[in-house]
Structures are given as C-alpha cells and as structure tokens.
file model.txt (compact mmCIF, C-alpha atoms)
# COMPACT_ATOMS: atom_id res chain seq x y z
CA PHE A 1 114.28 69.82 62.30
CA LEU A 2 117.38 67.86 61.74
CA PRO A 3 119.21 68.32 58.46
CA THR A 4 116.98 65.59 57.07
CA ALA A 5 113.88 67.37 58.25
CA SER A 6 114.80 70.98 57.60
CA VAL A 7 116.49 70.73 54.24
CA GLU A 8 114.81 69.70 51.03
CA TRP A 9 116.89 69.18 47.94
CA SER A 10 116.51 68.84 44.22
CA THR A 11 118.95 68.82 41.36
CA PRO A 12 118.29 72.42 40.25
CA ARG A 13 116.99 73.90 43.45
CA CYS A 14 117.36 73.68 47.22
CA GLN A 15 114.60 74.52 49.65
CA ILE A 16 115.34 75.31 53.28
CA TRP A 17 112.46 75.53 55.73
CA ALA A 18 110.27 74.36 52.86
CA GLY A 19 106.78 75.65 53.38
CA CYS A 20 107.99 79.06 54.49
CA VAL A 21 110.92 79.31 52.10
CA GLN A 22 110.73 79.58 48.34
CA PHE A 23 113.92 80.04 46.33
CA THR A 24 114.17 81.60 42.90
CA ASN A 25 117.66 82.75 41.91
CA VAL A 26 120.75 83.91 43.75
CA GLN A 27 120.54 87.30 42.08
CA ASN A 28 116.85 87.85 42.80
CA ALA A 29 115.72 90.04 45.67
CA ILE A 30 113.73 88.58 48.53
CA SER A 31 110.09 89.36 47.85
CA SER A 32 108.73 88.63 51.32
CA SER A 33 109.91 87.88 54.84
CA PHE A 34 109.43 84.17 54.15
CA GLU A 35 111.40 84.03 50.92
CA LEU A 36 115.08 83.22 50.60
CA LEU A 37 117.45 82.85 47.69
CA SER A 38 118.45 79.88 45.63
CA VAL A 39 121.75 78.09 45.22
CA TYR A 40 122.08 75.66 42.34
CA TYR A 41 123.90 72.49 43.32
CA SER A 42 125.56 70.62 40.51
CA ILE A 43 124.89 66.97 39.82
CA PRO A 44 128.54 66.05 40.59
CA LEU A 45 128.16 67.69 44.01
CA LEU A 46 124.94 65.82 44.77
CA THR A 47 126.56 62.63 43.48
CA GLY A 48 129.47 63.12 45.86
CA ILE A 49 127.12 63.64 48.78
CA THR A 50 125.16 60.53 47.84
CA VAL A 51 128.32 58.41 47.59
CA ALA A 52 129.60 59.71 50.94
CA CYS A 53 126.26 59.03 52.65
CA THR A 54 126.09 55.55 51.14
CA LEU A 55 129.56 54.68 52.46
CA LEU A 56 128.60 56.03 55.88
CA PHE A 57 125.44 53.92 55.72
CA LEU A 58 127.44 50.72 55.15
CA VAL A 59 130.00 51.52 57.84
CA GLY A 60 127.41 52.76 60.31
CA VAL A 61 124.98 49.86 59.98
CA VAL A 62 127.72 47.23 60.28
CA GLY A 63 129.42 49.01 63.18
CA ASN A 64 126.29 49.71 65.20
CA VAL A 65 124.89 46.20 64.68
CA MET A 66 128.23 44.84 65.87
CA THR A 67 128.04 47.04 68.98
CA ILE A 68 124.55 45.76 69.81
CA LEU A 69 125.56 42.13 69.27
CA VAL A 70 128.73 42.47 71.33
CA VAL A 71 126.86 43.95 74.30
CA SER A 72 123.89 41.58 74.11
CA LYS A 73 125.83 38.36 73.50
CA TYR A 74 128.70 38.59 76.01
CA ARG A 75 127.90 38.87 79.69
CA ASP A 76 131.18 40.55 80.55
CA MET A 77 130.32 43.37 78.13
CA ARG A 78 127.01 44.22 79.80
CA THR A 79 128.35 47.03 81.91
CA THR A 80 126.40 50.12 82.83
CA THR A 81 128.45 52.23 80.44
CA ASN A 82 127.97 49.78 77.59
CA LEU A 83 124.20 49.81 78.09
CA TYR A 84 124.20 53.52 77.27
CA LEU A 85 126.44 52.96 74.26
CA CYS A 86 124.16 50.18 73.07
CA SER A 87 121.18 52.54 73.30
CA MET A 88 123.10 55.07 71.21
CA ALA A 89 123.82 52.36 68.63
CA VAL A 90 120.09 51.62 68.37
CA SER A 91 119.27 55.27 67.74
CA ASP A 92 122.04 55.51 65.13
CA LEU A 93 120.60 52.48 63.32
CA PHE A 94 117.17 54.09 63.15
CA ILE A 95 118.78 57.21 61.71
CA PHE A 96 120.39 55.16 58.94
CA PHE A 97 117.08 53.48 58.16
CA CYS A 98 115.78 56.96 57.29
CA MET A 99 118.65 57.69 54.91
CA PRO A 100 117.08 56.23 51.71
CA LEU A 101 114.14 58.62 51.95
CA ASP A 102 116.50 61.50 52.64
CA LEU A 103 118.60 60.69 49.58
CA TYR A 104 115.44 60.39 47.50
CA ARG A 105 114.46 63.93 48.50
CA MET A 106 117.91 65.20 47.61
CA TRP A 107 117.38 64.18 44.00
CA ARG A 108 113.61 64.43 43.65
CA TYR A 109 111.91 66.65 46.18
CA ARG A 110 108.64 66.59 44.24
CA PRO A 111 106.37 64.84 43.80
CA TRP A 112 106.54 63.02 47.13
CA ARG A 113 105.22 59.53 46.41
CA PHE A 114 105.34 57.84 49.82
CA GLY A 115 102.32 59.32 51.56
CA ASP A 116 101.78 61.70 54.45
CA VAL A 117 102.37 59.13 57.20
CA LEU A 118 105.84 58.17 56.00
CA CYS A 119 106.71 61.85 55.46
CA LYS A 120 105.94 62.58 59.11
CA LEU A 121 107.35 59.33 60.48
CA PHE A 122 110.85 59.35 59.05
CA GLN A 123 111.46 62.94 60.17
CA PHE A 124 110.04 62.18 63.60
CA VAL A 125 112.40 59.20 63.93
CA SER A 126 115.44 61.31 63.01
CA GLU A 127 114.48 64.02 65.49
CA SER A 128 113.73 61.69 68.41
CA CYS A 129 116.86 59.56 67.85
CA THR A 130 119.09 62.62 68.00
CA TYR A 131 117.46 63.70 71.25
CA SER A 132 117.98 60.20 72.61
CA THR A 133 121.67 60.22 71.68
CA ILE A 134 122.52 63.48 73.41
CA LEU A 135 120.50 62.51 76.50
CA SER A 136 122.28 59.14 76.66
CA ILE A 137 125.68 60.82 76.40
CA THR A 138 124.72 63.20 79.20
CA ALA A 139 123.38 60.45 81.48
CA LEU A 140 126.45 58.33 80.83
CA SER A 141 128.72 61.24 81.74
CA VAL A 142 126.81 61.85 84.97
CA GLU A 143 127.19 58.17 85.83
CA ARG A 144 130.95 58.30 85.22
CA TYR A 145 131.18 61.46 87.32
CA LEU A 146 129.48 59.71 90.24
CA ALA A 147 131.59 56.57 89.85
CA ILE A 148 134.88 58.50 89.91
CA CYS A 149 134.16 61.37 92.26
CA PHE A 150 131.64 59.70 94.61
CA PRO A 151 132.29 55.94 94.36
CA LEU A 152 130.42 54.94 97.50
CA ARG A 153 127.32 56.85 96.49
CA ALA A 154 127.57 55.43 92.99
CA LYS A 155 127.69 51.91 94.40
CA ALA A 156 124.25 52.44 95.91
CA LEU A 157 122.72 54.41 93.05
CA VAL A 158 124.10 53.00 89.80
CA THR A 159 122.87 49.51 88.97
CA LYS A 160 122.15 47.88 85.66
CA ARG A 161 118.47 47.64 86.46
CA ARG A 162 118.26 51.35 87.18
CA VAL A 163 120.30 52.20 84.10
CA ARG A 164 117.92 50.19 81.93
CA ALA A 165 114.97 52.03 83.48
CA LEU A 166 116.69 55.38 82.94
CA ILE A 167 117.40 54.54 79.29
CA LEU A 168 113.71 53.73 78.82
CA LEU A 169 112.83 57.08 80.42
CA LEU A 170 115.27 58.93 78.14
CA TRP A 171 113.71 57.34 75.08
CA THR A 172 110.24 58.30 76.32
CA VAL A 173 111.31 61.92 76.83
CA SER A 174 112.90 61.97 73.37
CA LEU A 175 109.81 60.60 71.66
CA LEU A 176 107.52 63.06 73.44
CA SER A 177 109.81 66.00 72.70
CA ALA A 178 109.85 65.12 69.00
CA GLY A 179 106.07 64.70 68.92
CA PRO A 180 105.36 68.18 67.44
CA VAL A 181 107.09 67.02 64.24
CA PHE A 182 103.86 65.20 63.36
CA VAL A 183 102.18 68.61 63.20
CA MET A 184 105.09 70.54 61.73
CA VAL A 185 105.65 68.46 58.59
CA GLY A 186 103.36 66.88 56.06
CA VAL A 187 102.62 66.47 52.37
CA GLU A 188 101.37 69.73 50.85
CA ARG A 189 100.95 71.25 47.40
CA ASP A 190 102.31 74.57 46.26
CA SER A 191 99.64 74.82 43.57
CA MET A 192 96.99 72.78 41.83
CA ASP A 193 98.97 72.78 38.59
CA GLY A 194 100.71 69.45 38.10
CA ASP A 195 101.88 67.10 40.82
CA THR A 196 103.51 69.45 43.34
CA ARG A 197 103.23 67.23 46.42
CA GLU A 198 106.11 67.87 48.78
CA CYS A 199 107.13 66.53 52.18
CA LYS A 200 107.81 69.81 53.93
CA MET A 201 106.98 72.18 56.76
CA THR A 202 103.24 72.82 56.90
CA HIS A 203 101.72 76.28 56.56
CA TYR A 204 100.23 75.83 60.02
CA ALA A 205 103.69 75.38 61.54
CA VAL A 206 104.86 78.58 59.86
CA GLU A 207 101.86 80.72 60.74
CA SER A 208 101.41 79.45 64.31
CA GLY A 209 105.03 80.00 65.39
CA LEU A 210 105.53 76.30 66.09
CA ILE A 211 108.78 76.37 64.13
CA GLY A 212 110.27 78.95 66.45
CA ALA A 213 109.30 76.93 69.51
CA MET A 214 110.92 73.79 68.09
CA VAL A 215 114.06 75.74 67.27
CA TRP A 216 114.43 76.72 70.89
CA LEU A 217 113.65 73.19 72.06
CA SER A 218 116.24 71.56 69.81
CA SER A 219 118.78 74.23 70.80
CA VAL A 220 118.19 73.43 74.46
CA PHE A 221 118.71 69.73 73.69
CA PHE A 222 122.10 70.57 72.19
CA PHE A 223 123.67 73.49 74.04
CA MET A 224 122.50 72.68 77.57
CA PRO A 225 123.94 69.12 77.51
CA VAL A 226 127.16 70.44 75.94
CA PHE A 227 127.52 72.88 78.84
CA CYS A 228 126.82 70.13 81.38
CA LEU A 229 129.31 67.78 79.71
CA THR A 230 131.99 70.45 79.78
CA VAL A 231 131.50 70.96 83.52
CA LEU A 232 131.33 67.23 84.29
CA TYR A 233 134.47 66.26 82.41
CA SER A 234 136.35 69.20 83.90
CA LEU A 235 135.46 67.95 87.38
CA ILE A 236 136.33 64.37 86.45
CA GLY A 237 139.67 65.42 85.01
CA ARG A 238 140.55 67.40 88.12
CA ARG A 239 139.65 64.45 90.36
CA LEU A 240 141.74 61.99 88.36
CA TRP A 241 144.66 64.42 88.37
CA GLN A 242 144.45 64.76 92.14
CA ARG A 243 144.50 60.98 92.55
CA HIS A 244 147.41 60.66 90.16
CA ARG A 245 149.49 63.00 92.31
CA GLU A 246 148.81 61.04 95.47
CA THR A 247 151.78 58.86 96.30
CA ASN A 248 150.07 56.61 98.84
CA SER A 249 147.48 55.12 96.48
CA SER A 250 147.29 51.35 96.55
CA SER A 251 147.99 49.32 93.43
CA ARG A 252 144.29 48.41 93.18
CA VAL A 253 143.24 52.07 93.26
CA ALA A 254 145.97 52.95 90.78
CA HIS A 255 144.75 50.24 88.39
CA ARG A 256 141.16 51.41 88.71
CA ASP A 257 142.15 55.02 88.05
CA LYS A 258 144.15 53.98 85.00
CA SER A 259 141.11 52.19 83.63
CA ASN A 260 138.90 55.17 84.45
CA ARG A 261 141.26 57.47 82.57
CA GLN A 262 141.03 55.20 79.53
CA THR A 263 137.26 55.22 79.73
CA ILE A 264 137.01 58.98 80.16
CA LYS A 265 139.42 59.55 77.29
CA MET A 266 137.20 57.54 74.96
CA LEU A 267 133.99 59.20 76.16
CA VAL A 268 135.49 62.66 75.71
CA VAL A 269 136.36 61.79 72.12
CA VAL A 270 132.80 60.52 71.55
CA VAL A 271 131.38 63.76 72.96
CA LEU A 272 133.72 65.93 70.87
CA ALA A 273 132.79 63.99 67.73
CA PHE A 274 129.10 64.56 68.44
CA VAL A 275 129.58 68.28 69.08
CA LEU A 276 131.73 68.84 66.00
CA CYS A 277 129.30 66.93 63.78
CA TRP A 278 126.30 68.90 65.01
CA LEU A 279 127.72 72.39 65.42
CA PRO A 280 127.50 73.27 61.68
CA PHE A 281 123.79 72.45 61.70
CA HIS A 282 123.08 74.86 64.54
CA VAL A 283 125.28 77.53 62.95
CA GLY A 284 123.40 77.12 59.68
CA ARG A 285 120.04 77.34 61.41
CA TYR A 286 121.12 80.51 63.21
CA LEU A 287 122.10 82.02 59.87
CA GLN A 288 118.73 81.02 58.42
CA PHE A 289 116.85 82.88 61.14
CA ARG A 290 119.12 85.87 60.80
CA SER A 291 118.36 85.94 57.09
CA LEU A 292 114.62 85.85 57.84
CA ASP A 293 114.85 88.74 60.29
CA ALA A 294 117.24 90.76 58.12
CA PRO A 295 117.17 89.38 54.56
CA SER A 296 120.65 89.08 53.10
CA PRO A 297 121.79 87.15 50.01
CA LEU A 298 125.10 86.37 51.72
CA LEU A 299 123.45 84.92 54.83
CA SER A 300 121.10 82.88 52.66
CA VAL A 301 123.95 81.35 50.68
CA LEU A 302 125.99 80.66 53.82
CA SER A 303 123.04 78.99 55.55
CA GLU A 304 122.40 76.77 52.55
CA TYR A 305 125.97 75.53 52.43
CA CYS A 306 126.06 75.02 56.20
CA SER A 307 122.96 72.86 55.80
CA LEU A 308 124.63 70.98 52.95
CA VAL A 309 127.65 70.19 55.10
CA SER A 310 125.46 69.28 58.08
CA VAL A 311 123.68 66.55 56.12
CA VAL A 312 126.94 64.63 55.67
CA LEU A 313 128.07 65.32 59.24
CA PHE A 314 124.68 64.15 60.51
CA TYR A 315 125.30 60.67 59.15
CA LEU A 316 128.97 60.78 60.10
CA SER A 317 127.95 61.30 63.73
CA ALA A 318 125.80 58.15 63.51
CA ALA A 319 128.62 56.08 61.99
CA ILE A 320 131.70 57.20 63.87
CA ASN A 321 131.12 55.80 67.36
CA PRO A 322 131.87 52.12 66.56
CA ILE A 323 135.06 53.26 64.81
CA LEU A 324 136.10 55.12 67.95
CA TYR A 325 135.32 52.11 70.13
CA ASN A 326 137.45 49.85 67.93
CA THR A 327 140.29 52.37 67.84
CA MET A 328 140.42 53.24 71.53
CA SER A 329 139.20 50.14 73.39
CA TRP A 330 141.10 46.86 73.52
CA LYS A 331 138.09 45.21 75.13
CA TYR A 332 135.81 46.07 72.21
CA ARG A 333 138.36 44.70 69.76
CA GLY A 334 138.60 41.49 71.76
CA ALA A 335 134.82 41.10 71.95
CA ALA A 336 134.48 41.77 68.22
CA ALA A 337 137.11 39.12 67.54
CA ARG A 338 135.15 36.67 69.68
CA LEU A 339 131.98 37.59 67.81
CA PHE A 340 133.58 36.57 64.51
CA GLY A 341 135.20 33.47 66.02
CA LEU A 342 138.75 34.78 65.70
CA THR A 343 139.61 34.16 69.37
CA ASP A 344 138.49 32.01 72.27
CA SER A 345 134.83 32.62 73.14
CA GLN A 346 135.71 32.87 76.84
CA PRO A 347 136.92 36.25 78.16
CA HIS A 348 140.30 36.51 79.77
CA ARG A 349 140.34 36.19 83.53
CA GLY A 350 142.97 38.79 84.21
CA ARG A 351 140.56 41.68 84.69
CA THR A 352 139.38 42.88 88.05
CA ALA A 353 136.63 40.71 89.42
CA SER A 354 133.92 43.31 89.45
CA THR A 355 131.59 41.92 86.80
CA MET A 356 129.06 40.45 89.15
CA LYS A 357 126.34 37.87 88.63
CA GLY A 358 122.70 38.74 88.75
CA ASP A 359 121.67 42.37 88.44
CA GLY A 360 125.20 43.66 88.55
CA SER A 361 124.65 46.35 91.18
CA ASN A 362 128.42 46.91 91.32
CA GLY A 363 128.51 47.82 87.65
CA TRP A 364 130.00 51.20 88.58
CA THR A 365 133.26 49.55 89.71
CA GLU A 366 133.97 47.72 86.48
CA SER A 367 137.45 48.65 85.44
CA THR A 368 136.68 47.84 81.82
CA VAL A 369 133.52 49.87 81.67
CA SER A 370 134.05 51.07 78.13
CA LEU A 371 133.58 49.19 74.95

call {"tool": "encode", "arguments": {"input": "model.txt", "output": "structure tokens"}}
result
Amino acid sequence: FLPTASVEWSTPRCQIWAGCVQFTNVQNAISSSFELLSVYYSIPLLTGITVACTLLFLVGVVGNVMTILVVSKYRDMRTTTNLYLCSMAVSDLFIFFCMPLDLYRMWRYRPWRFGDVLCKLFQFVSESCTYSTILSITALSVERYLAICFPLRAKALVTKRRVRALILLLWTVSLLSAGPVFVMVGVERDSMDGDTRECKMTHYAVESGLIGAMVWLSSVFFFMPVFCLTVLYSLIGRRLWQRHRETNSSSRVAHRDKSNRQTIKMLVVVVLAFVLCWLPFHVGRYLQFRSLDAPSPLLSVLSEYCSLVSVVLFYLSAAINPILYNTMSWKYRGAAARLFGLTDSQPHRGRTASTMKGDGSNGWTESTVSL
C-alpha cells in the first residue's frame, strides 16, 4: 500500500493497483470500472529514478547505521528522545533493504522470479515500517509535550525503561496493522499464455473490498497523527513563548528552555519532512479512487505521476533524518566525530548533569535530548 506496494512499473507500461487495474493506452477508453489508462515512461526517466533511489540508498543506509551506532555506543546519547529516533532509523533501514526488489519491479514487473513469500514479505516490511515511523514520531512528540508543559508529571512517567517498552508496543501495533498485506498481495498470473507471474494485488483483495479497508487504515495512520502533531507542537510553542516572556526565570530554567527550543525546532523539521514526503502519495491515491468512481483520463494520468513522484519521496523520507540531525544538532555532530575517532572519546562535561546512571528515570530533563 506504500508506493512500493501499490505501484508496479515496467519500461513500456505502468500498473497501479495491479490486479484491479489494467492499462492499455492513454487514448483508449476505460472498458470497465477496474480499468485505468496507461502512461508510457521513457527509459531515461526510469534511469533517473533508479539513480536517485540508488543515491538515497547509499546516503540513507550510512546515515541510519551511524544513528544506531551513535545511540548504542555512547551512554550520554541514550536519551529518551534518541531511543525513538533510533527506532525510526531501524525502520528506515528495513525500508532500504526492500529497495532492490522495488527497483527490479520498476524495470521488469513480469515475470516475478522471487516467489510468493518474498513478494508478500517485502511489501509487508515497507508497510509496517512506515506505520512504525509515524507512531514513533507521535509518541516522541507526546513525550516532549509532557516534558515541557508538565515537567513534574513527566519525571514520574517518562523513563527509558518505559520508553523501550512503548517502542516495542508501537512495533507490535505496526506489524499487526500491516498484517492484511499478506492477504492483499501475492504472485498471480493474468493468463496461462507465457510467463505472466506478477507480484501484485490479489483478485480476492479486489473483490472482497479489503483494498478499501486498508486505504482507510493507512489514511488514519497518516492524517490522524498529523492532526495530533499539529496540536501538540502548537501547545508546546505557546508554552515556550510564555516562558520566554517571563522575566523572573532562573538561569537554569532559561538554559533548559533554550535547549528545549532547539530540540523542538529539530523535531518540527523532522515532522514537516515526513509530511511533505508522504503527502503526494496520499494525493495520488485519492486521485486513483476518484478515477475508479468516475473514470477520467486526466485523473488517471495525474494519479500515475503522483505515484511516480511518491516513490522517490518515499525513499527520501527514509534518508533525510540523519542529514537533519547532522545539520541541526551539535551533539550529533560531536558524537559522530567520536565514532570516527576525530575527537576525544569522552563527552564534554559542560552539559547539565541530568544524564543519570542506571535506568535513567530523569531522561525527560536532559537538556541535550536531541541527536
């Protein structure tokens, strides 16, 4: 249901919602409610997409592995916020591991030579990892809201042990929510003539209405968190602004608020990057369903190109976070330098002494909570 799962490519032909969609020619009329039109993508265009995805693969794998190593190796980096970011890095890595099969389908959608299990598995992984990412962003934002607006309550509620348990729960919910993908996709044949095996939406998913149910589910996983994030960061911004205007704040509180503002600024950018990278996919899917309800050559063409753009943005969203961390966080840059032996392996002692030993139950107070 992601771009990798909902779009099937070939050099002369593109199939969207394969299994319920069959393209012929842009000028042809739609012969049934399940048929759409065809757009021919040139080899130079597909080559450009492949090159872009390959570059994103290299950047994304290196960046996300670095994030995981930085958080796991250095004790001062194991903050509650960084645990969420590390979980997001893991999901992004799994997404990149699925890229080779996705690129293969771009160039050769049939015959599918990797079996039914791998067809189901790589699309299931992409779906569940995206759910995990948006849930981690939402949970992280809730944690930051509690830490800034209700610090005493956060001190009792937010601990590293509980955050680890919550991350495990989020992954469980994501895997269960993506479970229907195992029924929705599979290797099927269009005819008995030649080798027409394709990894695509199954006829059962089309006829049973399972596709529609998954559309609503994935929409809920996107638009509901986006609404919650908008409300949370609005409340956080108002609280920080109120504190900034107070003239009797102590230097310690002022330093903590300055660090919180830096953290929130980076998290807002991460959220905006995720939303902007995923919005074209949801717009394209909306156009696809509009074209099914009211067949239109224009809507079909627009939905195909939205899906084309969303494929690149899908991998961009998995590669961009480490770049943002490196750009906006001095602590991440310092830890990365330590990882490569460019600086002293011991962290500087000038930070606030809130990185505690043991479980780290005061993780909410860490002034350098961001990577």

call {"tool": "residues_around", "arguments": {"input": "model.txt", "residues": "Ile137 of chain A", "least_positions_apart": "5", "cutoff": "9 Å", "atoms": "all atoms listed in the file", "output": "PyMOL selection string"}}
result
chain A and resi 84-85+88+132+142+225+229+267+270-271

call {"tool": "atom_distance", "arguments": {"input": "model.txt", "atom1": "atom CA of Thr130 of chain A", "atom2": "atom CA of Leu272 of chain A"}}
result
15.3 Å

call {"tool": "closest_residue", "arguments": {"input": "model.txt", "among": "A:Thr67, A:Met184, A:Ala52, A:Met224", "to": "Ile323 of chain A", "atoms": "only C-alpha atoms"}}
result
A:Thr67

call {"tool": "closest_residue", "arguments": {"input": "model.txt", "among": "A:Ala319, A:Val231, A:Leu298, A:Ala156", "to": "Cys277 of chain A", "atoms": "all atoms listed in the file"}}
result
A:Ala319

call {"tool": "atom_distance", "arguments": {"input": "model.txt", "atom1": "atom CA of Tyr233 of chain A", "atom2": "atom CA of Phe150 of chain A"}}
result
14.1 Å

call {"tool": "atom_distance", "arguments": {"input": "model.txt", "atom1": "atom CA of Thr81 of chain A", "atom2": "atom CA of Gln262 of chain A"}}
result
13.0 Å

call {"tool": "closest_residue", "arguments": {"input": "model.txt", "among": "A:Leu101, A:Val70, A:Ser126, A:Cys199", "to": "Ala178 of chain A", "atoms": "all atoms listed in the file"}}
result
A:Ser126

call {"tool": "closest_residue", "arguments": {"input": "model.txt", "among": "A:Thr230, A:Thr47, A:Ser329, A:Asn321", "to": "Cys86 of chain A", "atoms": "all atoms listed in the file"}}
result
A:Asn321

call {"tool": "closest_residue", "arguments": {"input": "model.txt", "among": "A:Ala318, A:Leu169, A:Val181, A:Val283", "to": "Ser128 of chain A", "atoms": "only C-alpha atoms"}}
result
A:Val181

call {"tool": "residues_around", "arguments": {"input": "model.txt", "residues": "Gly186 of chain A", "least_positions_apart": "3", "cutoff": "8 Å", "atoms": "all atoms listed in the file", "output": "VMD selection string"}}
result
chain A and resid 116 to 117 119 to 120 182 to 183 198 to 202

call {"tool": "residues_around", "arguments": {"input": "model.txt", "residues": "Leu217 of chain A", "least_positions_apart": "3", "cutoff": "12 Å", "atoms": "only C-alpha atoms", "output": "PyMOL selection string"}}
result
chain A and resi 1+127+131+174+176-181+210-214+220-224

call {"tool": "residues_near_point", "arguments": {"input": "model.txt", "point": "(103.0, 65.2, 43.0)", "cutoff": "6 Å", "atoms": "only C-alpha atoms", "output": "list of chain:residue names"}}
result
A:Arg110, A:Pro111, A:Trp112, A:Asp195, A:Thr196, A:Arg197
